[in-house]
Amino acid sequence: MTPPRHDQDSVDRHVARWAGQLEGMDPEVEGAITRMQAITKRIRADDHAAYAGSDDTIEDYWTLHALLVQPYPEEATPAQLA
């Protein structure tokens with residue numbers, strides 16, 4: 001049976017590039033973290049796109065979210081809203 005084909009992506013190339021540069025780097029951990037960062041970047045871009053052309057902004061959503069997750073009857077501090 002032929003093993004599954006694995007095409008390298010940008011994360012694989014990133015890990016290969018840095019593996020020889022950083023002593024003690026765990027390639028699996030570096031790859032996982034880099035992939036999670038890419039997912040987070042995509043989610044943020046999608047969030048901003050969802051509010052494009054709207055009267056509300058993503059910042060409005062974050063502010064409302066910070067207010068709503070407070071345990072009743074607590075209030076959000078200015079630092080939590082910043």
# chains A, B, ... in the order shown; residues from 1 in each chain; ligands from 1
>>> select_by_dssp(residues="segment 4-68 of chain A", states="alpha helix (DSSP H)", output="ChimeraX atom specification")
/A:10-19,27-50,58-68
>>> residues_around(residues="Leu81 of chain A", least_positions_apart="6", cutoff="8 Å", atoms="only C-alpha atoms", output="list in words")
Thr63, Ala66 and Leu67 of chain A
>>> residues_around(residues="segment 11-16 of chain A", least_positions_apart="6", cutoff="7 Å", atoms="only C-alpha atoms", output="PyMOL selection string")
chain A and resi 27+30-31+34-35
>>> closest_residue(among="A:Ile43, A:Glu28, A:Met36, A:Gln80", to="Trp62 of chain A", atoms="only C-alpha atoms")
A:Gln80
>>> closest_residue(among="A:Ala19, A:Asp26, A:Asp46, A:Thr77", to="Ile58 of chain A", atoms="only C-alpha atoms")
A:Asp46
>>> atom_distance(atom1="atom CA of Lys41 of chain A", atom2="atom CA of Ala79 of chain A")
23.7 Å
>>> decode(residues="chain A", atoms="C-alpha atoms", output="mmCIF file, in the first residue's frame")
data_model
loop_
_atom_site.group_PDB
_atom_site.id
_atom_site.type_symbol
_atom_site.label_atom_id
_atom_site.label_comp_id
_atom_site.auth_asym_id
_atom_site.auth_seq_id
_atom_site.Cartn_x
_atom_site.Cartn_y
_atom_site.Cartn_z
ATOM 1 C CA MET A 1 0.000 0.000 0.000
ATOM 2 C CA THR A 2 1.248 3.469 -0.862
ATOM 3 C CA PRO A 3 1.583 5.840 2.092
ATOM 4 C CA PRO A 4 -0.623 8.937 1.960
ATOM 5 C CA ARG A 5 0.906 11.851 0.106
ATOM 6 C CA HIS A 6 1.883 14.755 2.319
ATOM 7 C CA ASP A 7 2.349 18.069 0.569
ATOM 8 C CA GLN A 8 4.253 20.598 2.613
ATOM 9 C CA ASP A 9 2.431 23.771 3.536
ATOM 10 C CA SER A 10 3.703 27.079 4.910
ATOM 11 C CA VAL A 11 3.786 25.733 8.475
ATOM 12 C CA ASP A 12 5.881 22.724 7.470
ATOM 13 C CA ARG A 13 8.303 25.064 5.684
ATOM 14 C CA HIS A 14 8.385 27.377 8.737
ATOM 15 C CA VAL A 15 9.232 24.475 11.051
ATOM 16 C CA ALA A 16 11.892 23.142 8.675
ATOM 17 C CA ARG A 17 13.465 26.596 8.370
ATOM 18 C CA TRP A 18 13.668 27.144 12.142
ATOM 19 C CA ALA A 19 14.491 23.560 13.191
ATOM 20 C CA GLY A 20 18.153 24.036 12.352
ATOM 21 C CA GLN A 21 18.308 27.488 13.939
ATOM 22 C CA LEU A 22 16.773 26.902 17.369
ATOM 23 C CA GLU A 23 18.349 24.263 19.551
ATOM 24 C CA GLY A 24 15.798 22.327 21.559
ATOM 25 C CA MET A 25 12.822 23.389 19.448
ATOM 26 C CA ASP A 26 10.132 20.717 19.367
ATOM 27 C CA PRO A 27 8.908 20.649 15.749
ATOM 28 C CA GLU A 28 5.504 19.226 16.694
ATOM 29 C CA VAL A 29 4.890 21.932 19.297
ATOM 30 C CA GLU A 30 6.118 24.691 16.972
ATOM 31 C CA GLY A 31 3.911 23.379 14.181
ATOM 32 C CA ALA A 32 0.855 23.170 16.434
ATOM 33 C CA ILE A 33 1.362 26.691 17.790
ATOM 34 C CA THR A 34 1.922 28.121 14.313
ATOM 35 C CA ARG A 35 -1.238 26.432 13.019
ATOM 36 C CA MET A 36 -3.251 27.756 15.988
ATOM 37 C CA GLN A 37 -1.950 31.267 15.297
ATOM 38 C CA ALA A 38 -3.079 30.959 11.670
ATOM 39 C CA ILE A 39 -6.535 29.805 12.795
ATOM 40 C CA THR A 40 -6.788 32.725 15.235
ATOM 41 C CA LYS A 41 -5.756 35.166 12.501
ATOM 42 C CA ARG A 42 -8.438 33.753 10.189
ATOM 43 C CA ILE A 43 -11.125 33.965 12.895
ATOM 44 C CA ARG A 44 -10.241 37.611 13.607
ATOM 45 C CA ALA A 45 -10.393 38.455 9.898
ATOM 46 C CA ASP A 46 -13.777 36.721 9.623
ATOM 47 C CA ASP A 47 -15.043 38.605 12.697
ATOM 48 C CA HIS A 48 -14.039 41.940 11.184
ATOM 49 C CA ALA A 49 -15.594 40.992 7.840
ATOM 50 C CA ALA A 50 -18.868 40.087 9.563
ATOM 51 C CA TYR A 51 -19.225 43.676 10.781
ATOM 52 C CA ALA A 52 -18.119 45.359 7.539
ATOM 53 C CA GLY A 53 -20.829 47.667 6.262
ATOM 54 C CA SER A 54 -22.694 47.517 9.565
ATOM 55 C CA ASP A 55 -23.439 50.315 11.994
ATOM 56 C CA ASP A 56 -21.831 48.146 14.668
ATOM 57 C CA THR A 57 -18.135 47.350 14.832
ATOM 58 C CA ILE A 58 -16.213 44.379 16.130
ATOM 59 C CA GLU A 59 -15.061 46.661 18.955
ATOM 60 C CA ASP A 60 -18.724 47.237 19.890
ATOM 61 C CA TYR A 61 -19.181 43.469 20.039
ATOM 62 C CA TRP A 62 -16.112 43.019 22.264
ATOM 63 C CA THR A 63 -17.321 45.756 24.619
ATOM 64 C CA LEU A 64 -20.796 44.234 24.885
ATOM 65 C CA HIS A 65 -19.282 40.791 25.391
ATOM 66 C CA ALA A 66 -17.084 42.097 28.233
ATOM 67 C CA LEU A 67 -20.160 43.583 29.874
ATOM 68 C CA LEU A 68 -22.262 40.451 29.480
ATOM 69 C CA VAL A 69 -19.765 37.948 30.867
ATOM 70 C CA GLN A 70 -19.516 39.718 34.230
ATOM 71 C CA PRO A 71 -21.071 37.796 37.115
ATOM 72 C CA TYR A 72 -24.216 39.593 38.260
ATOM 73 C CA PRO A 73 -24.268 42.131 39.915
ATOM 74 C CA GLU A 74 -20.616 42.968 39.220
ATOM 75 C CA GLU A 75 -19.628 45.698 36.811
ATOM 76 C CA ALA A 76 -16.926 45.619 34.192
ATOM 77 C CA THR A 77 -13.911 47.739 35.047
ATOM 78 C CA PRO A 78 -12.548 50.285 32.568
ATOM 79 C CA ALA A 79 -9.532 48.003 32.074
ATOM 80 C CA GLN A 80 -11.812 45.117 31.072
ATOM 81 C CA LEU A 81 -13.549 47.329 28.531
ATOM 82 C CA ALA A 82 -10.309 48.768 27.083
#
